[in-house]
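Below is query.cif, which holds mmCIF, C-alpha atoms.
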data_data
#
loop_
_atom_site.label_atom_id
_atom_site.label_comp_id
_atom_site.auth_asym_id
_atom_site.auth_seq_id
_atom_site.Cartn_x
_atom_site.Cartn_y
_atom_site.Cartn_z
CA MET O 1 -61.87 2.10 -47.65
CA SER O 2 -61.69 3.92 -44.38
CA CYS O 3 -61.44 0.60 -42.58
CA ALA O 4 -58.53 -0.50 -44.75
CA VAL O 5 -56.34 2.47 -43.84
CA SER O 6 -57.20 2.63 -40.18
CA ALA O 7 -55.44 -0.67 -39.23
CA PRO O 8 -51.86 0.46 -40.02
CA SER O 9 -52.55 3.70 -38.20
CA GLU O 10 -53.61 1.86 -35.09
CA THR O 11 -50.54 -0.44 -35.32
CA LEU O 12 -48.21 2.52 -35.72
CA GLY O 13 -49.82 4.19 -32.74
CA CYS O 14 -49.28 1.08 -30.65
CA GLU O 15 -45.64 0.91 -31.68
CA ILE O 16 -45.08 4.56 -30.77
CA GLY O 17 -46.80 4.02 -27.47
CA ALA O 18 -44.63 0.99 -26.74
CA CYS O 19 -41.50 3.01 -27.47
CA GLU O 20 -42.66 5.74 -25.16
CA LEU O 21 -43.30 3.14 -22.47
CA ASN O 22 -39.85 1.59 -23.04
CA HIS O 23 -38.14 4.97 -22.78
CA SER O 24 -40.08 5.84 -19.69
CA ALA O 25 -39.11 2.47 -18.16
CA MET O 26 -35.43 2.80 -19.17
CA GLY O 27 -35.10 6.24 -17.64
CA PRO O 28 -34.88 5.10 -13.98
CA ALA O 29 -32.68 2.08 -14.94
CA LEU O 30 -30.22 4.31 -16.78
CA THR O 31 -30.15 6.73 -13.88
CA LEU O 32 -29.46 3.83 -11.51
CA ILE O 33 -26.54 2.61 -13.64
CA LEU O 34 -25.05 6.11 -13.83
CA ASN O 35 -25.44 6.55 -10.08
CA LYS O 36 -23.69 3.22 -9.45
CA ARG O 37 -20.81 4.27 -11.68
CA LYS O 38 -20.52 7.58 -9.90
CA GLY O 39 -20.53 5.79 -6.54
CA LEU O 40 -17.81 3.38 -7.70
CA TRP O 41 -15.65 6.22 -9.01
CA PHE O 42 -16.16 8.11 -5.73
CA ARG O 43 -15.01 5.08 -3.72
CA LEU O 44 -12.00 4.51 -6.00
CA ARG O 45 -11.07 8.17 -5.66
CA LYS O 46 -11.28 7.92 -1.87
CA ILE O 47 -9.04 4.85 -1.87
CA LEU O 48 -6.56 6.55 -4.22
CA LEU O 49 -6.43 9.67 -2.05
CA PHE O 50 -5.93 7.51 1.06
CA VAL O 51 -3.04 5.59 -0.55
CA LEU O 52 -1.40 8.81 -1.75
CA GLY O 53 -1.87 10.39 1.67
CA LEU O 54 -0.30 7.35 3.34
CA TYR O 55 2.56 7.35 0.82
CA PHE O 56 3.45 10.94 1.66
CA ALA O 57 2.78 10.54 5.41
CA ILE O 58 5.11 7.57 5.96
CA PRO O 59 8.38 9.50 5.35
CA PHE O 60 7.35 12.16 7.88
CA LEU O 61 6.26 9.52 10.37
CA ILE O 62 9.63 7.75 10.12
CA LYS O 63 11.50 11.04 10.42
CA LEU O 64 9.56 12.00 13.54
CA CYS O 65 9.81 8.49 15.05
CA PRO O 66 13.24 7.03 14.14
CA GLY O 67 12.51 4.03 16.34
CA ILE O 68 10.24 2.77 13.56
CA GLN O 69 13.20 2.51 11.22
CA ALA O 70 15.19 0.63 13.84
CA LYS O 71 12.32 -1.86 14.20
CA LEU O 72 12.26 -2.36 10.43
CA ILE O 73 15.99 -3.05 10.37
CA PHE O 74 16.04 -5.52 13.26
CA LEU O 75 12.62 -7.14 12.60
CA ASN O 76 13.13 -8.96 15.90
CA PHE O 77 9.36 -8.95 16.43
CA VAL O 78 9.00 -11.32 13.44
CA ARG O 79 9.38 -14.72 15.03
CA VAL O 80 9.38 -17.47 12.42
CA PRO O 81 8.82 -20.34 12.41
CA TYR O 82 6.03 -19.82 14.92
CA PHE O 83 5.12 -22.17 17.73
CA ILE O 84 8.52 -23.81 18.19
CA ASP O 85 10.03 -24.38 21.60
CA LEU O 86 13.56 -23.00 21.48
CA LYS O 87 14.37 -24.97 24.62
CA LYS O 88 14.01 -28.14 22.52
CA PRO O 89 16.30 -27.99 19.48
CA GLN O 90 15.69 -31.70 18.97
CA ASP O 91 12.23 -30.77 17.70
CA GLN O 92 14.01 -29.19 14.71
CA GLY O 93 15.99 -32.34 13.99
CA LEU O 94 19.02 -31.27 16.04
CA ASN O 95 19.34 -34.32 18.31
CA HIS O 96 22.96 -33.49 19.16
CA THR O 97 22.30 -29.94 20.35
CA CYS O 98 22.06 -28.41 23.82
CA ASN O 99 20.18 -25.25 24.75
CA TYR O 100 21.92 -22.83 27.15
CA TYR O 101 21.16 -19.42 28.62
CA LEU O 102 23.94 -16.89 29.18
CA GLN O 103 23.84 -13.46 30.80
CA PRO O 104 26.07 -10.90 29.05
CA GLU O 105 24.82 -8.02 31.21
CA GLU O 106 22.43 -7.43 34.07
CA ASP O 107 18.82 -7.77 32.90
CA VAL O 108 19.98 -9.36 29.64
CA THR O 109 19.67 -13.10 28.98
CA ILE O 110 20.41 -14.77 25.65
CA GLY O 111 19.41 -18.22 24.42
CA VAL O 112 22.24 -20.30 22.94
CA TRP O 113 22.35 -23.53 20.93
CA HIS O 114 25.47 -25.69 20.81
CA THR O 115 25.52 -28.42 18.15
CA VAL O 116 28.39 -30.90 18.36
CA PRO O 117 29.92 -32.58 15.27
CA THR O 118 27.68 -35.24 13.73
CA VAL O 119 30.24 -37.97 14.52
CA TRP O 120 29.36 -37.42 18.19
CA TRP O 121 25.63 -37.82 17.63
CA LYS O 122 25.31 -41.06 19.62
CA ASN O 123 27.57 -39.92 22.44
CA ALA O 124 25.55 -36.71 22.81
CA GLN O 125 22.25 -38.46 23.60
CA GLY O 126 21.01 -37.64 27.08
CA LYS O 127 24.06 -35.54 27.97
CA ASP O 128 23.81 -32.40 30.09
CA GLN O 129 25.16 -28.89 29.56
CA MET O 130 28.47 -29.66 31.32
CA TRP O 131 29.23 -32.45 28.84
CA TYR O 132 28.60 -30.10 25.92
CA GLU O 133 30.80 -27.39 27.43
CA ASP O 134 33.64 -29.87 27.98
CA ALA O 135 33.23 -31.05 24.38
CA LEU O 136 34.40 -27.65 23.13
CA ALA O 137 37.92 -28.62 24.19
CA SER O 138 37.92 -31.56 21.77
CA SER O 139 39.99 -31.59 18.60
CA HIS O 140 37.10 -30.28 16.46
CA PRO O 141 37.07 -26.60 15.35
CA ILE O 142 34.23 -24.30 16.39
CA ILE O 143 32.05 -21.94 14.34
CA LEU O 144 30.25 -19.09 16.10
CA TYR O 145 27.26 -18.33 13.87
CA LEU O 146 25.66 -14.84 13.93
CA HIS O 147 22.27 -14.84 12.24
CA GLY O 148 20.54 -12.02 10.36
CA ASN O 149 17.41 -10.05 11.18
CA ALA O 150 13.96 -11.53 11.74
CA GLY O 151 13.29 -15.03 12.98
CA THR O 152 15.26 -16.88 15.64
CA ARG O 153 18.14 -19.31 15.98
CA GLY O 154 15.57 -21.96 15.03
CA GLY O 155 14.89 -20.56 11.54
CA ASP O 156 14.64 -23.28 8.89
CA HIS O 157 17.56 -22.19 6.69
CA ARG O 158 19.71 -21.62 9.78
CA VAL O 159 19.01 -25.10 11.12
CA GLU O 160 19.91 -26.59 7.74
CA LEU O 161 23.26 -24.77 7.79
CA TYR O 162 24.00 -26.04 11.33
CA LYS O 163 23.41 -29.57 10.05
CA VAL O 164 25.79 -29.07 7.12
CA LEU O 165 28.53 -27.60 9.30
CA SER O 166 28.06 -30.29 11.94
CA SER O 167 28.36 -33.00 9.29
CA LEU O 168 31.69 -31.45 8.25
CA GLY O 169 33.05 -31.91 11.77
CA TYR O 170 32.47 -28.47 13.31
CA HIS O 171 30.95 -27.50 16.61
CA VAL O 172 28.31 -24.84 15.87
CA VAL O 173 27.45 -22.30 18.55
CA THR O 174 24.66 -19.87 17.76
CA PHE O 175 22.40 -17.60 19.78
CA ASP O 176 19.58 -15.09 19.61
CA TYR O 177 20.60 -11.49 20.26
CA ARG O 178 18.85 -9.63 23.06
CA GLY O 179 15.26 -9.02 22.00
CA TRP O 180 15.16 -11.96 19.55
CA GLY O 181 13.50 -15.29 20.19
CA ASP O 182 13.50 -16.12 23.90
CA SER O 183 16.39 -13.76 24.67
CA VAL O 184 15.64 -10.90 27.02
CA GLY O 185 16.66 -7.29 26.40
CA THR O 186 16.26 -4.38 24.01
CA PRO O 187 17.88 -4.63 20.56
CA SER O 188 20.66 -2.23 19.58
CA GLU O 189 23.82 -2.49 17.52
CA ARG O 190 25.96 -2.04 20.61
CA GLY O 191 23.99 -4.66 22.52
CA MET O 192 24.12 -7.21 19.69
CA THR O 193 27.88 -6.76 19.38
CA TYR O 194 28.35 -7.13 23.11
CA ASP O 195 26.25 -10.31 23.13
CA ALA O 196 28.49 -11.76 20.40
CA LEU O 197 31.63 -10.76 22.31
CA HIS O 198 30.30 -12.42 25.47
CA VAL O 199 29.58 -15.69 23.63
CA PHE O 200 32.98 -15.62 21.91
CA ASP O 201 34.76 -15.17 25.25
CA TRP O 202 32.61 -17.92 26.75
CA ILE O 203 33.71 -20.26 23.95
CA LYS O 204 37.39 -19.32 24.22
CA ALA O 205 37.34 -19.99 27.96
CA ARG O 206 36.37 -23.62 27.20
CA SER O 207 37.88 -24.43 23.80
CA GLY O 208 41.58 -24.58 24.63
CA ASP O 209 43.69 -24.32 21.46
CA ASN O 210 40.86 -25.30 19.10
CA PRO O 211 40.31 -22.93 16.17
CA VAL O 212 37.31 -20.62 16.52
CA TYR O 213 35.80 -19.20 13.33
CA ILE O 214 33.11 -16.52 13.12
CA TRP O 215 30.35 -16.77 10.51
CA GLY O 216 27.93 -13.90 9.96
CA HIS O 217 24.93 -13.86 7.63
CA SER O 218 23.13 -10.77 6.28
CA LEU O 219 22.63 -8.34 9.19
CA GLY O 220 24.80 -10.74 11.19
CA THR O 221 27.76 -9.73 8.99
CA GLY O 222 27.52 -6.29 10.58
CA VAL O 223 27.66 -7.85 14.04
CA ALA O 224 30.51 -10.11 12.89
CA THR O 225 32.76 -7.32 11.61
CA ASN O 226 32.02 -5.21 14.70
CA LEU O 227 33.03 -8.16 16.85
CA VAL O 228 36.15 -9.13 14.90
CA ARG O 229 37.38 -5.54 14.71
CA ARG O 230 37.10 -5.33 18.49
CA LEU O 231 38.86 -8.68 18.93
CA CYS O 232 41.68 -7.60 16.63
CA GLU O 233 42.08 -4.31 18.49
CA ARG O 234 42.53 -6.22 21.75
CA GLU O 235 44.87 -8.65 19.94
CA THR O 236 42.68 -11.76 20.31
CA PRO O 237 41.48 -12.26 16.71
CA PRO O 238 39.46 -15.29 15.66
CA ASP O 239 41.05 -17.84 13.37
CA ALA O 240 38.95 -16.74 10.38
CA LEU O 241 35.91 -14.67 9.45
CA ILE O 242 33.21 -15.84 7.02
CA LEU O 243 30.66 -13.34 5.70
CA GLU O 244 27.61 -14.69 3.89
CA SER O 245 25.55 -12.18 1.89
CA PRO O 246 27.27 -9.11 3.36
CA PHE O 247 26.67 -5.42 2.66
CA THR O 248 29.00 -2.44 2.89
CA ASN O 249 27.12 -0.43 5.52
CA ILE O 250 23.55 -0.19 6.70
CA ARG O 251 22.80 3.04 4.80
CA GLU O 252 23.76 1.51 1.45
CA GLU O 253 21.90 -1.68 2.28
CA ALA O 254 18.74 0.23 3.30
CA LYS O 255 18.89 2.21 0.06
CA SER O 256 19.25 -0.99 -1.98
CA HIS O 257 16.65 -3.04 -0.12
CA PRO O 258 13.50 -4.01 -2.07
CA PHE O 259 11.30 -2.34 0.57
CA SER O 260 12.84 1.05 -0.27
CA ALA O 261 12.17 0.77 -4.02
CA ILE O 262 8.97 2.85 -3.98
CA TYR O 263 10.75 5.67 -2.12
CA ARG O 264 14.23 5.47 -3.63
CA TYR O 265 13.67 8.55 -5.82
CA PHE O 266 11.49 10.36 -3.30
CA PRO O 267 12.80 13.94 -2.73
CA GLY O 268 14.90 13.96 0.45
CA PHE O 269 15.13 10.16 0.63
CA ASP O 270 18.35 10.22 2.66
CA TRP O 271 16.99 12.82 5.09
CA PHE O 272 13.69 11.02 5.60
CA PHE O 273 14.82 7.39 5.65
CA LEU O 274 18.59 7.04 6.12
CA ASP O 275 19.39 9.79 8.61
CA PRO O 276 16.94 8.34 11.19
CA ILE O 277 18.91 5.07 11.04
CA THR O 278 22.14 6.88 11.86
CA SER O 279 20.46 8.94 14.58
CA SER O 280 19.33 5.66 16.17
CA GLY O 281 22.98 4.63 16.51
CA ILE O 282 22.80 1.98 13.79
CA LYS O 283 25.74 1.88 11.39
CA PHE O 284 26.96 -1.70 10.86
CA ALA O 285 29.91 -0.26 8.94
CA ASN O 286 31.40 -3.38 7.37
CA ASP O 287 33.34 -1.24 4.90
CA GLU O 288 35.14 0.57 7.73
CA ASN O 289 35.53 -2.47 9.97
CA VAL O 290 37.35 -4.60 7.38
CA LYS O 291 40.15 -2.03 7.32
CA HIS O 292 40.92 -2.93 10.93
CA ILE O 293 40.62 -6.72 10.74
CA SER O 294 43.64 -8.98 10.71
CA CYS O 295 42.51 -12.55 10.05
CA SER O 296 41.57 -14.59 7.00
CA LEU O 297 38.33 -13.44 5.35
CA LEU O 298 35.93 -15.42 3.15
CA ILE O 299 32.94 -13.75 1.47
CA LEU O 300 30.09 -15.85 0.05
CA HIS O 301 27.39 -14.19 -2.07
CA ALA O 302 24.73 -15.36 -4.52
CA GLU O 303 24.31 -13.31 -7.68
CA ASP O 304 20.51 -13.54 -7.43
CA ASP O 305 20.31 -12.28 -3.84
CA PRO O 306 17.16 -10.09 -3.73
CA VAL O 307 17.74 -8.74 -0.22
CA VAL O 308 21.40 -7.74 -0.13
CA PRO O 309 22.46 -6.95 -3.71
CA PHE O 310 25.39 -8.95 -5.03
CA GLN O 311 27.27 -5.77 -5.94
CA LEU O 312 27.45 -4.76 -2.26
CA GLY O 313 29.24 -8.00 -1.41
CA ARG O 314 31.61 -7.48 -4.32
CA LYS O 315 32.21 -3.88 -3.28
CA LEU O 316 33.06 -4.98 0.27
CA TYR O 317 35.59 -7.46 -1.11
CA ASN O 318 37.18 -4.74 -3.25
CA ILE O 319 37.57 -2.62 -0.13
CA ALA O 320 38.98 -5.44 2.00
CA ALA O 321 41.36 -7.10 -0.47
CA PRO O 322 43.91 -4.23 -0.77
CA SER O 323 43.68 -3.29 2.92
CA ARG O 324 47.00 -3.35 4.75
CA SER O 325 45.39 -5.19 7.67
CA PHE O 326 45.01 -8.27 5.43
CA ARG O 327 48.54 -8.25 4.00
CA ASP O 328 49.43 -11.49 5.85
CA PHE O 329 46.04 -13.16 5.44
CA LYS O 330 43.92 -14.60 2.67
CA VAL O 331 40.89 -12.64 1.43
CA GLN O 332 38.62 -14.65 -0.86
CA PHE O 333 35.34 -13.90 -2.64
CA ILE O 334 33.16 -16.79 -3.82
CA PRO O 335 30.18 -15.88 -6.06
CA PHE O 336 27.33 -18.30 -6.71
CA HIS O 337 25.74 -18.05 -10.14
CA SER O 338 22.15 -16.90 -10.32
CA ASP O 339 21.16 -20.10 -12.17
CA LEU O 340 21.74 -22.01 -8.91
CA GLY O 341 18.87 -20.16 -7.23
CA TYR O 342 20.55 -19.76 -3.82
CA ARG O 343 19.24 -16.21 -3.46
CA HIS O 344 19.68 -14.71 0.04
CA LYS O 345 19.76 -17.69 2.37
CA TYR O 346 20.26 -20.97 0.54
CA ILE O 347 24.01 -21.09 -0.04
CA TYR O 348 24.09 -23.98 2.43
CA LYS O 349 22.59 -26.10 -0.39
CA SER O 350 25.72 -25.77 -2.52
CA PRO O 351 27.51 -29.11 -3.00
CA GLU O 352 30.69 -27.05 -3.37
CA LEU O 353 30.44 -25.55 0.11
CA PRO O 354 32.30 -28.38 1.92
CA ARG O 355 35.24 -28.07 -0.47
CA ILE O 356 35.26 -24.28 -0.24
CA LEU O 357 35.35 -24.38 3.56
CA ARG O 358 37.91 -27.19 3.70
CA GLU O 359 40.31 -25.35 1.40
CA PHE O 360 39.81 -21.90 2.91
CA LEU O 361 39.85 -22.88 6.59
CA GLY O 362 42.71 -25.32 6.00
CA ARG O 363 44.79 -22.47 4.67
CA ALA O 364 43.63 -20.19 7.48
CA GLU O 365 44.79 -22.77 10.01
CA ARG O 366 48.21 -23.00 8.35
CA GLU O 367 48.52 -19.20 8.45
CA ARG O 368 47.60 -19.24 12.14
CA GLN O 369 50.27 -21.82 12.96
CA HIS O 370 52.95 -19.82 11.18
#
Would you mind writing the structure in this file as structure tokens?
Amino acid sequence: MSCAVSAPSETLGCEIGACELNHSAMGPALTLILNKRKGLWFRLRKILLFVLGLYFAIPFLIKLCPGIQAKLIFLNFVRVPYFIDLKKPQDQGLNHTCNYYLQPEEDVTIGVWHTVPTVWWKNAQGKDQMWYEDALASSHPIILYLHGNAGTRGGDHRVELYKVLSSLGYHVVTFDYRGWGDSVGTPSERGMTYDALHVFDWIKARSGDNPVYIWGHSLGTGVATNLVRRLCERETPPDALILESPFTNIREEAKSHPFSAIYRYFPGFDWFFLDPITSSGIKFANDENVKHISCSLLILHAEDDPVVPFQLGRKLYNIAAPSRSFRDFKVQFIPFHSDLGYRHKYIYKSPELPRILREFLGRAERERQH
């Protein structure tokens, strides 16, 4: 009888002992898991505090060092595509292009590309700089192209535009501002405008009576309107001005740029981010410049432009169109629907572009002759 009841008792004792052993074994494991979680939370908290600290430090850093903002606007230190030799435009498929170097000022040298019309492709093979310079006096019109920030005159989308314009019968002259590409000098709005003026005068000294049009893209629209305003004030306007993806002024563009999105509603945004731009002497006031321009104006803008909002291009047109300075000239705004996907720099892909240019510049030429 005693033996019969002792077996369950021993089994129960073993089970209790096993549980105690399991609990004693789980204790250190549970502690280890909790410690790991605490360590992970501590690291995440450190990262979060670092990010928040950086977020609040950046506005003060930019305010104290306005040169940082200037660098972010110009982005001249971003050289893409990398590893290309700007002395050899033929490497980019431009076999009818010559590379020059001009000197607008002492200690400033700028690299220039001159692409002749495609119909001269065979004649251009093996020719020297003098032949290209003399070619500017031919019966083909000339486009001076002013590129935007970042990259060089050899940027992919820029090269593709040169090819389109060349195929339409235009000479294309483009260059890198001082501090861009292989050009020597320190970037500034004044310096960029002076570089453009120097190249324009260099073209006019060789082009005879050929029409000379100015085409600016993105930040280059600011250089373009600065240049054309100055040319109009000295009574030597170009034959037409084309602005691709333009803004109104650099403050409005900086406020609308995607990079500013995380700070747009930051207290004192203008004081921290926009005032340093102005204090650096950077304005690019397209909205003011167009009031002093007297030549035909064409504005091209894609509705899905993520860099320069479409509404800024439309706003610039609404400022320019009623201006008295344009009373004898055509002002035209061409939007490109967002479904086309041209965004900020692919308008050159539009099959309508040749027709748009032919009609607009044809009319501009008739206005010039009258």
From O:Asp239, O:Asp201, O:Glu244, O:Glu233, residue lying nearest Trp215 in chain O [all atoms listed in the file]: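 Looking only at the distances to Trp215 in chain O, the closest residue turns out to be O:Glu244.
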Radius query 9 Å about (27.5, -21.3, -4.0), atoms used: all atoms listed in the file, as an MDAnalysis selection string: chainID O and resid 300:302 334:337 340 342 346:353
Could you list, as a list in words, every residue within 6 Å of range 132-141 of chain O, counting all atoms listed in the file and ignoring same-chain residues fewer than 6 positions away?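 Those residues are Tyr170, Ser207, Gly208, Asn210 and Pro211 of chain O.
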Need the shell around Ile214 in chain O: protein/DNA/RNA residues with any atom at most 6 Å away, counting all atoms listed in the file. Skip same-chain ones fewer than 4 positions apart. Format as a ChimeraX atom specification? /O:143-144,241
Contacts of Ile293 in chain O at 7 Å or less, counting all atoms listed in the file, minus same-chain residues fewer than 3 places along, as JSON, numbers by chain? {"O": [228, 229, 232, 289, 290, 325]}
CA of Thr109 in chain O and CA of Ser183 in chain O are how many Å apart?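 Calculated distance between CA of Thr109 in chain O and CA of Ser183 in chain O is 5.5 Å.
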Pick from O:Ile47, O:Asp305, O:Lys71, O:Val78 nearest to Gly341 in chain O, counting all atoms listed in the file: O:Asp305
For Ile250 in chain O, list every protein, DNA or RNA residue within 7 Å, evaluated using all atoms listed in the file, and leave out those in the same chain fewer than 6 positions away; present the list as a ChimeraX atom specification. /O:283-285
What lies within 12 Å of Pro354 in chain O using all atoms listed in the file, ignoring chain neighbours under 4 positions off, as a ChimeraX atom specification? /O:161,164-170,347-350,358-362
So the first atom is CA of Leu316 in chain O and the second is CA of Ser218 in chain O; what is the distance between them in Å, to one decimal place?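 Separating CA of Leu316 in chain O from CA of Ser218 in chain O is a distance of 13.0 Å.
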Report the distance between CA of Thr31 in chain O and CA of Arg43 in chain O in Å, rounded to one decimal place.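 Straight-line distance from CA of Thr31 in chain O to CA of Arg43 in chain O works out to 18.3 Å.
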So which one's closest to Trp180 in chain O, O:Phe74, O:Phe333, O:Phe259, O:Phe326? Using only C-alpha atoms, please. O:Phe74
Out of O:Phe247, O:Phe273, O:Tyr213, O:Tyr194, which residue has the shortest atom-to-atom distance to Glu105 in chain O when counting all atoms listed in the file?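 Ranking O:Phe247, O:Phe273, O:Tyr213, O:Tyr194 by distance to Glu105 in chain O, first place goes to O:Tyr194.
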Could you tell me which residues the PyMOL selection byres ((chain O and resi 84) around 12) returns for this structure, as a ChimeraX atom specification? /O:79-83,85-92,151-156,181-182
Go through O:His198, O:Lys38, O:Lys291, O:Arg178 one by one, measure the shortest atom-to-atom distance of each to Gly111 in chain O using only C-alpha atoms, and give the residue with the smallest value.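 Smallest distance to Gly111 in chain O is found for O:Arg178.
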Any chance you could model all heavy atoms for range 171-179 of chain O and send them as a PDB file, in the frame of the given file?
ATOM      1  N   HIS O 171      31.911 -27.934  15.607  1.00  0.00           N
ATOM      2  CA  HIS O 171      30.950 -27.500  16.610  1.00  0.00           C
ATOM      3  C   HIS O 171      30.291 -26.231  16.059  1.00  0.00           C
ATOM      4  O   HIS O 171      30.967 -25.374  15.472  1.00  0.00           O
ATOM      5  CB  HIS O 171      31.648 -27.106  17.923  1.00  0.00           C
ATOM      6  CG  HIS O 171      32.238 -28.250  18.671  1.00  0.00           C
ATOM      7  ND1 HIS O 171      31.539 -28.994  19.597  1.00  0.00           N
ATOM      8  CD2 HIS O 171      33.494 -28.767  18.656  1.00  0.00           C
ATOM      9  CE1 HIS O 171      32.318 -29.907  20.126  1.00  0.00           C
ATOM     10  NE2 HIS O 171      33.517 -29.803  19.565  1.00  0.00           N
ATOM     11  N   VAL O 172      29.000 -26.069  16.261  1.00  0.00           N
ATOM     12  CA  VAL O 172      28.310 -24.840  15.870  1.00  0.00           C
ATOM     13  C   VAL O 172      27.649 -24.247  17.107  1.00  0.00           C
ATOM     14  O   VAL O 172      26.827 -24.903  17.748  1.00  0.00           O
ATOM     15  CB  VAL O 172      27.238 -25.100  14.788  1.00  0.00           C
ATOM     16  CG1 VAL O 172      26.577 -23.779  14.375  1.00  0.00           C
ATOM     17  CG2 VAL O 172      27.846 -25.796  13.572  1.00  0.00           C
ATOM     18  N   VAL O 173      28.050 -23.030  17.434  1.00  0.00           N
ATOM     19  CA  VAL O 173      27.450 -22.300  18.550  1.00  0.00           C
ATOM     20  C   VAL O 173      26.724 -21.102  17.969  1.00  0.00           C
ATOM     21  O   VAL O 173      27.330 -20.302  17.244  1.00  0.00           O
ATOM     22  CB  VAL O 173      28.503 -21.852  19.585  1.00  0.00           C
ATOM     23  CG1 VAL O 173      27.834 -21.063  20.714  1.00  0.00           C
ATOM     24  CG2 VAL O 173      29.254 -23.059  20.147  1.00  0.00           C
ATOM     25  N   THR O 174      25.454 -20.990  18.250  1.00  0.00           N
ATOM     26  CA  THR O 174      24.660 -19.870  17.760  1.00  0.00           C
ATOM     27  C   THR O 174      23.758 -19.369  18.870  1.00  0.00           C
ATOM     28  O   THR O 174      23.542 -20.074  19.859  1.00  0.00           O
ATOM     29  CB  THR O 174      23.836 -20.266  16.518  1.00  0.00           C
ATOM     30  OG1 THR O 174      23.212 -19.113  15.961  1.00  0.00           O
ATOM     31  CG2 THR O 174      22.768 -21.293  16.873  1.00  0.00           C
ATOM     32  N   PHE O 175      23.227 -18.177  18.711  1.00  0.00           N
ATOM     33  CA  PHE O 175      22.400 -17.600  19.780  1.00  0.00           C
ATOM     34  C   PHE O 175      21.466 -16.558  19.181  1.00  0.00           C
ATOM     35  O   PHE O 175      21.664 -16.081  18.055  1.00  0.00           O
ATOM     36  CB  PHE O 175      23.272 -16.969  20.869  1.00  0.00           C
ATOM     37  CG  PHE O 175      24.054 -15.769  20.410  1.00  0.00           C
ATOM     38  CD1 PHE O 175      23.566 -14.479  20.623  1.00  0.00           C
ATOM     39  CD2 PHE O 175      25.270 -15.910  19.753  1.00  0.00           C
ATOM     40  CE1 PHE O 175      24.271 -13.369  20.190  1.00  0.00           C
ATOM     41  CE2 PHE O 175      25.989 -14.805  19.316  1.00  0.00           C
ATOM     42  CZ  PHE O 175      25.485 -13.526  19.530  1.00  0.00           C
ATOM     43  N   ASP O 176      20.455 -16.202  19.964  1.00  0.00           N
ATOM     44  CA  ASP O 176      19.580 -15.090  19.610  1.00  0.00           C
ATOM     45  C   ASP O 176      20.027 -13.851  20.364  1.00  0.00           C
ATOM     46  O   ASP O 176      20.192 -13.886  21.592  1.00  0.00           O
ATOM     47  CB  ASP O 176      18.116 -15.411  19.967  1.00  0.00           C
ATOM     48  CG  ASP O 176      17.462 -16.318  18.942  1.00  0.00           C
ATOM     49  OD1 ASP O 176      17.719 -16.123  17.743  1.00  0.00           O
ATOM     50  OD2 ASP O 176      16.705 -17.221  19.340  1.00  0.00           O
ATOM     51  N   TYR O 177      20.237 -12.752  19.626  1.00  0.00           N
ATOM     52  CA  TYR O 177      20.600 -11.490  20.260  1.00  0.00           C
ATOM     53  C   TYR O 177      19.506 -11.072  21.240  1.00  0.00           C
ATOM     54  O   TYR O 177      18.367 -11.525  21.159  1.00  0.00           O
ATOM     55  CB  TYR O 177      20.776 -10.393  19.215  1.00  0.00           C
ATOM     56  CG  TYR O 177      21.559 -10.790  17.988  1.00  0.00           C
ATOM     57  CD1 TYR O 177      20.902 -11.019  16.769  1.00  0.00           C
ATOM     58  CD2 TYR O 177      22.934 -10.930  18.022  1.00  0.00           C
ATOM     59  CE1 TYR O 177      21.602 -11.375  15.628  1.00  0.00           C
ATOM     60  CE2 TYR O 177      23.647 -11.282  16.885  1.00  0.00           C
ATOM     61  CZ  TYR O 177      22.982 -11.510  15.695  1.00  0.00           C
ATOM     62  OH  TYR O 177      23.683 -11.868  14.569  1.00  0.00           O
ATOM     63  N   ARG O 178      19.859 -10.178  22.138  1.00  0.00           N
ATOM     64  CA  ARG O 178      18.850  -9.630  23.060  1.00  0.00           C
ATOM     65  C   ARG O 178      17.667  -9.073  22.267  1.00  0.00           C
ATOM     66  O   ARG O 178      17.829  -8.361  21.286  1.00  0.00           O
ATOM     67  CB  ARG O 178      19.483  -8.535  23.926  1.00  0.00           C
ATOM     68  CG  ARG O 178      20.026  -7.363  23.139  1.00  0.00           C
ATOM     69  CD  ARG O 178      20.776  -6.382  24.032  1.00  0.00           C
ATOM     70  NE  ARG O 178      22.046  -6.951  24.499  1.00  0.00           N
ATOM     71  CZ  ARG O 178      22.825  -6.384  25.426  1.00  0.00           C
ATOM     72  NH1 ARG O 178      22.450  -5.236  25.984  1.00  0.00           N
ATOM     73  NH2 ARG O 178      23.953  -6.939  25.798  1.00  0.00           N
ATOM     74  N   GLY O 179      16.466  -9.474  22.689  1.00  0.00           N
ATOM     75  CA  GLY O 179      15.260  -9.020  22.000  1.00  0.00           C
ATOM     76  C   GLY O 179      14.772  -9.947  20.910  1.00  0.00           C
ATOM     77  O   GLY O 179      13.684  -9.765  20.374  1.00  0.00           O
TER      78      GLY O 179
END
